[in-house]
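Working notes, structure below.
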Amino acid sequence: MNPVFKAALWMIGAIASFSTMAVAGREVSTALDTFEIMTYRSVVGMLILWTVLTVTRRWSEVKTQALGLHAVRNMAHFAGQNLWFFAVGVIPLAQVAALEFTSPIWVVMLSPLVLGERLTRVRVLSVLLGFAGILLVARPTPESINAGILAATACAVFFALSAVFTRRLTRLASVACIMFWLTLMQAAFGLLCSLWDGQMAAPNATTLPWLLVIGCAGLLAHFCLTSALAIAPATVVVPIDFVRLPTIAMLGMWLYGEALDVWIFVGAAVIFGANYLNIWTETRLAKS
């Protein structure tokens, strides 16, 4: 099978999983707070991952090396995921998705600080274009700026931090090891934050199915995305991932009556252009 076609099939799975997780997050957001959602999501993911490690006999890959780096990476991801779950509950799903696409832009900005990578002219241009896209999506005014938009923007920053620290971890640990500490640490973080006030809502017949969906969809989305990147270059995968925006916008309109805002699509297109410019340039440099 053609590698591009195979990557497209994996990306269809990733888009479906990310979109499903957004809808499930919206459905439980009125009954559970974000810390509780993260706790239950991590527990579901942990049970699935640990079963896979047992069946495939890959427990030997789980190491205690660089636990501090694992902790920092997972705190960043935990913060980003909590902000993401908060945002999907209070602003249109399309707006969340568009602002989430700025995460690679933040990676470009943070990589020189964390990884010591060089900030080239193309990278600076992609950052500037990305910020222009953010302004088009958010169109900041005293009336339009709200907690949901700020949370969606901030979650992209924390996702970028998580990605940068993951780059460092991949030099020291396998994917199985990284995922093990991800699920374990985030379950612990979620439980501590959920019990901070001495109360924690238990799943019920309504929320339990959605929490199972969130846990399964979260793991499946990242597995599909990783599989796509393993067989096709980012210049192929990223444009396919952009289909997630109209997909989730249509879901928001169909399920929640959210209006289709043309400026969200214009801003997202600018953000996509900034990301693609940087990826295309980096790919050419790597080949040369």
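Note on naming: chains are A, B, ... as they come in the structure tokens, residues start from 1 per chain, ligands start from 1 in the order shown.
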Could you list, as a ChimeraX atom specification, every residue within 9 Å of Gly89 (chain A), counting only C-alpha atoms and ignoring same-chain residues fewer than 6 positions away?
/A:22,25-30,148
Export C-alpha atoms of the chosen residues as a short mmCIF file (atom, residue, chain, number, x, y, z; two decimals), in the first residue's frame?
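As written to disk, part.cif reads:
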```cif
data_model
loop_
_atom_site.label_atom_id
_atom_site.label_comp_id
_atom_site.auth_asym_id
_atom_site.auth_seq_id
_atom_site.Cartn_x
_atom_site.Cartn_y
_atom_site.Cartn_z
CA ALA A 22 -13.59 16.86 22.38
CA GLY A 25 -15.10 16.28 27.18
CA ARG A 26 -17.93 18.72 26.49
CA GLU A 27 -20.51 16.15 27.65
CA VAL A 28 -18.93 15.56 31.07
CA SER A 29 -17.76 19.14 31.68
CA THR A 30 -20.96 20.08 33.51
CA GLY A 148 -12.14 29.95 27.38
#
```
Report the closest atom pair, with its distance in Å rounded to one decimal, for each residue of region 205-256 of chain A that has an atom no farther than 10 Å from region 37-57 of chain A; count only C-alpha atoms, sort by chain and then rising residue number, and write it as a tab-separated table.
```
residue	atom	partner	partner_atom	distance
A:Thr207	CA	A:Ile37	CA	9.8
A:Leu208	CA	A:Tyr40	CA	9.1
A:Trp210	CA	A:Arg41	CA	9.7
A:Leu211	CA	A:Arg41	CA	6.2
A:Leu212	CA	A:Val44	CA	6.6
A:Val213	CA	A:Arg41	CA	8.7
A:Ile214	CA	A:Arg41	CA	6.0
A:Gly215	CA	A:Arg41	CA	4.4
A:Cys216	CA	A:Gly45	CA	6.6
A:Ala217	CA	A:Gly45	CA	9.3
A:Gly218	CA	A:Gly45	CA	7.9
A:Leu219	CA	A:Gly45	CA	6.6
A:Leu220	CA	A:Gly45	CA	9.8
```
Residue selection dump (C-alpha atoms) as a short mmCIF file (atom, residue, chain, number, x, y, z; two decimals), in the first residue's frame:
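And here is the file that came out, again-v2.cif:
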```
data_model
loop_
_atom_site.label_atom_id
_atom_site.label_comp_id
_atom_site.auth_asym_id
_atom_site.auth_seq_id
_atom_site.Cartn_x
_atom_site.Cartn_y
_atom_site.Cartn_z
CA THR A 207 -20.58 10.11 32.87
CA LEU A 208 -18.85 6.70 33.00
CA TRP A 210 -18.00 9.29 28.27
CA LEU A 211 -14.97 8.90 30.56
CA LEU A 212 -14.20 5.53 28.97
CA VAL A 213 -14.46 7.19 25.57
CA ILE A 214 -12.06 9.97 26.66
CA GLY A 215 -9.50 7.48 27.97
CA CYS A 216 -9.62 5.24 24.91
CA ALA A 217 -9.80 8.07 22.37
CA GLY A 218 -6.86 9.90 23.94
CA LEU A 219 -4.55 6.90 23.63
CA LEU A 220 -5.82 5.97 20.17
#
```
DSSP on the backbone, then: every residue of region 69-272 of chain A marked helix (DSSP H, G or I), written as a ChimeraX atom specification.
/A:69-90,93-100,103-114,121-138,147-169,175-194,207-231,234-241,244-256,262-272
Residues of region 86-171 of chain A at most 12 Å from region 63-68 of chain A: nearest atom pair and distance in Å, only C-alpha atoms, as a tab-separated table:
```
residue	atom	partner	partner_atom	distance
A:Phe165	CA	A:Gly68	CA	11.0
A:Thr166	CA	A:Ala66	CA	11.7
A:Arg168	CA	A:Ala66	CA	10.1
A:Leu169	CA	A:Ala66	CA	7.9
A:Thr170	CA	A:Ala66	CA	11.0
A:Arg171	CA	A:Ala66	CA	10.6
```
For region 122-138 of chain A, please output as an MDAnalysis selection string all residues within 9 Å (counting only C-alpha atoms; exclusion window: fewer than 3 positions along the same chain).
chainID A and resid 95 98:99 102 105:106 108:109 119 141 144:145 149 153 263:278 281
File of the preceding selection, N, CA and C atoms, as a PDB file, in the first residue's frame:
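Written output follows (out01.pdb):
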```pdb
ATOM      1  N   GLN A  95     -13.119  26.938  17.694  1.00  0.00           N
ATOM      2  CA  GLN A  95     -12.183  27.934  18.217  1.00  0.00           C
ATOM      3  C   GLN A  95     -11.082  27.263  19.041  1.00  0.00           C
ATOM      4  N   ALA A  98      -8.702  25.560  16.536  1.00  0.00           N
ATOM      5  CA  ALA A  98      -7.866  26.525  15.814  1.00  0.00           C
ATOM      6  C   ALA A  98      -6.727  27.029  16.689  1.00  0.00           C
ATOM      7  N   LEU A  99      -7.025  27.369  17.934  1.00  0.00           N
ATOM      8  CA  LEU A  99      -5.981  27.867  18.831  1.00  0.00           C
ATOM      9  C   LEU A  99      -5.013  26.753  19.229  1.00  0.00           C
ATOM     10  N   THR A 102      -1.801  26.237  17.250  1.00  0.00           N
ATOM     11  CA  THR A 102      -0.635  27.106  17.434  1.00  0.00           C
ATOM     12  C   THR A 102       0.472  26.422  18.228  1.00  0.00           C
ATOM     13  N   ILE A 105       3.914  26.392  16.805  1.00  0.00           N
ATOM     14  CA  ILE A 105       4.532  27.723  16.806  1.00  0.00           C
ATOM     15  C   ILE A 105       5.249  27.968  18.135  1.00  0.00           C
ATOM     16  N   TRP A 106       4.602  27.571  19.217  1.00  0.00           N
ATOM     17  CA  TRP A 106       5.224  27.727  20.533  1.00  0.00           C
ATOM     18  C   TRP A 106       6.438  26.808  20.677  1.00  0.00           C
ATOM     19  N   VAL A 108       8.521  26.134  18.308  1.00  0.00           N
ATOM     20  CA  VAL A 108       9.599  26.860  17.633  1.00  0.00           C
ATOM     21  C   VAL A 108      10.208  27.905  18.570  1.00  0.00           C
ATOM     22  N   MET A 109       9.355  28.579  19.349  1.00  0.00           N
ATOM     23  CA  MET A 109       9.840  29.610  20.256  1.00  0.00           C
ATOM     24  C   MET A 109      10.583  29.025  21.452  1.00  0.00           C
ATOM     25  N   LEU A 119      17.329  29.705  16.230  1.00  0.00           N
ATOM     26  CA  LEU A 119      16.120  30.387  15.772  1.00  0.00           C
ATOM     27  C   LEU A 119      16.427  31.053  14.431  1.00  0.00           C
ATOM     28  N   THR A 141     -10.869  41.795  21.849  1.00  0.00           N
ATOM     29  CA  THR A 141     -11.464  43.054  22.303  1.00  0.00           C
ATOM     30  C   THR A 141     -11.865  42.834  23.758  1.00  0.00           C
ATOM     31  N   SER A 144     -14.641  40.275  23.627  1.00  0.00           N
ATOM     32  CA  SER A 144     -14.457  38.943  23.066  1.00  0.00           C
ATOM     33  C   SER A 144     -13.504  38.060  23.862  1.00  0.00           C
ATOM     34  N   ILE A 145     -12.563  38.677  24.586  1.00  0.00           N
ATOM     35  CA  ILE A 145     -11.614  37.874  25.354  1.00  0.00           C
ATOM     36  C   ILE A 145     -12.305  37.315  26.591  1.00  0.00           C
ATOM     37  N   ILE A 149     -11.023  31.377  25.758  1.00  0.00           N
ATOM     38  CA  ILE A 149     -10.005  31.703  24.756  1.00  0.00           C
ATOM     39  C   ILE A 149      -8.614  31.721  25.391  1.00  0.00           C
ATOM     40  N   THR A 153      -5.576  29.128  24.376  1.00  0.00           N
ATOM     41  CA  THR A 153      -4.256  29.628  23.976  1.00  0.00           C
ATOM     42  C   THR A 153      -3.174  29.096  24.901  1.00  0.00           C
ATOM     43  N   TRP A 263     -13.976  33.753  10.278  1.00  0.00           N
ATOM     44  CA  TRP A 263     -12.676  34.257  10.717  1.00  0.00           C
ATOM     45  C   TRP A 263     -11.869  33.191  11.457  1.00  0.00           C
ATOM     46  N   ILE A 264     -12.553  32.249  12.093  1.00  0.00           N
ATOM     47  CA  ILE A 264     -11.839  31.136  12.719  1.00  0.00           C
ATOM     48  C   ILE A 264     -11.108  30.325  11.656  1.00  0.00           C
ATOM     49  N   PHE A 265     -11.788  30.108  10.512  1.00  0.00           N
ATOM     50  CA  PHE A 265     -11.176  29.339   9.431  1.00  0.00           C
ATOM     51  C   PHE A 265     -10.038  30.127   8.775  1.00  0.00           C
ATOM     52  N   VAL A 266     -10.232  31.443   8.621  1.00  0.00           N
ATOM     53  CA  VAL A 266      -9.165  32.272   8.034  1.00  0.00           C
ATOM     54  C   VAL A 266      -7.942  32.269   8.942  1.00  0.00           C
ATOM     55  N   GLY A 267      -8.165  32.486  10.239  1.00  0.00           N
ATOM     56  CA  GLY A 267      -7.055  32.485  11.183  1.00  0.00           C
ATOM     57  C   GLY A 267      -6.364  31.140  11.255  1.00  0.00           C
ATOM     58  N   ALA A 268      -7.172  30.064  11.243  1.00  0.00           N
ATOM     59  CA  ALA A 268      -6.586  28.719  11.276  1.00  0.00           C
ATOM     60  C   ALA A 268      -5.771  28.444  10.020  1.00  0.00           C
ATOM     61  N   ALA A 269      -6.218  28.955   8.876  1.00  0.00           N
ATOM     62  CA  ALA A 269      -5.468  28.769   7.632  1.00  0.00           C
ATOM     63  C   ALA A 269      -4.112  29.479   7.712  1.00  0.00           C
ATOM     64  N   VAL A 270      -4.087  30.669   8.326  1.00  0.00           N
ATOM     65  CA  VAL A 270      -2.823  31.392   8.503  1.00  0.00           C
ATOM     66  C   VAL A 270      -1.899  30.607   9.443  1.00  0.00           C
ATOM     67  N   ILE A 271      -2.469  30.070  10.540  1.00  0.00           N
ATOM     68  CA  ILE A 271      -1.686  29.273  11.485  1.00  0.00           C
ATOM     69  C   ILE A 271      -1.129  28.032  10.795  1.00  0.00           C
ATOM     70  N   PHE A 272      -1.968  27.375  10.000  1.00  0.00           N
ATOM     71  CA  PHE A 272      -1.524  26.200   9.242  1.00  0.00           C
ATOM     72  C   PHE A 272      -0.387  26.586   8.289  1.00  0.00           C
ATOM     73  N   GLY A 273      -0.542  27.715   7.599  1.00  0.00           N
ATOM     74  CA  GLY A 273       0.493  28.170   6.675  1.00  0.00           C
ATOM     75  C   GLY A 273       1.819  28.399   7.386  1.00  0.00           C
ATOM     76  N   ALA A 274       1.753  28.976   8.603  1.00  0.00           N
ATOM     77  CA  ALA A 274       2.976  29.213   9.385  1.00  0.00           C
ATOM     78  C   ALA A 274       3.641  27.895   9.765  1.00  0.00           C
ATOM     79  N   ASN A 275       2.818  26.940  10.214  1.00  0.00           N
ATOM     80  CA  ASN A 275       3.361  25.625  10.579  1.00  0.00           C
ATOM     81  C   ASN A 275       3.972  24.923   9.373  1.00  0.00           C
ATOM     82  N   TYR A 276       3.250  24.967   8.248  1.00  0.00           N
ATOM     83  CA  TYR A 276       3.706  24.238   7.068  1.00  0.00           C
ATOM     84  C   TYR A 276       4.987  24.845   6.497  1.00  0.00           C
ATOM     85  N   LEU A 277       5.075  26.181   6.533  1.00  0.00           N
ATOM     86  CA  LEU A 277       6.293  26.848   6.069  1.00  0.00           C
ATOM     87  C   LEU A 277       7.503  26.351   6.845  1.00  0.00           C
ATOM     88  N   ASN A 278       7.373  26.279   8.166  1.00  0.00           N
ATOM     89  CA  ASN A 278       8.488  25.839   8.991  1.00  0.00           C
ATOM     90  C   ASN A 278       8.827  24.370   8.737  1.00  0.00           C
ATOM     91  N   THR A 281      10.445  23.884   5.225  1.00  0.00           N
ATOM     92  CA  THR A 281      11.826  24.372   5.213  1.00  0.00           C
ATOM     93  C   THR A 281      12.755  23.418   5.949  1.00  0.00           C
TER      94      THR A 281
END
```
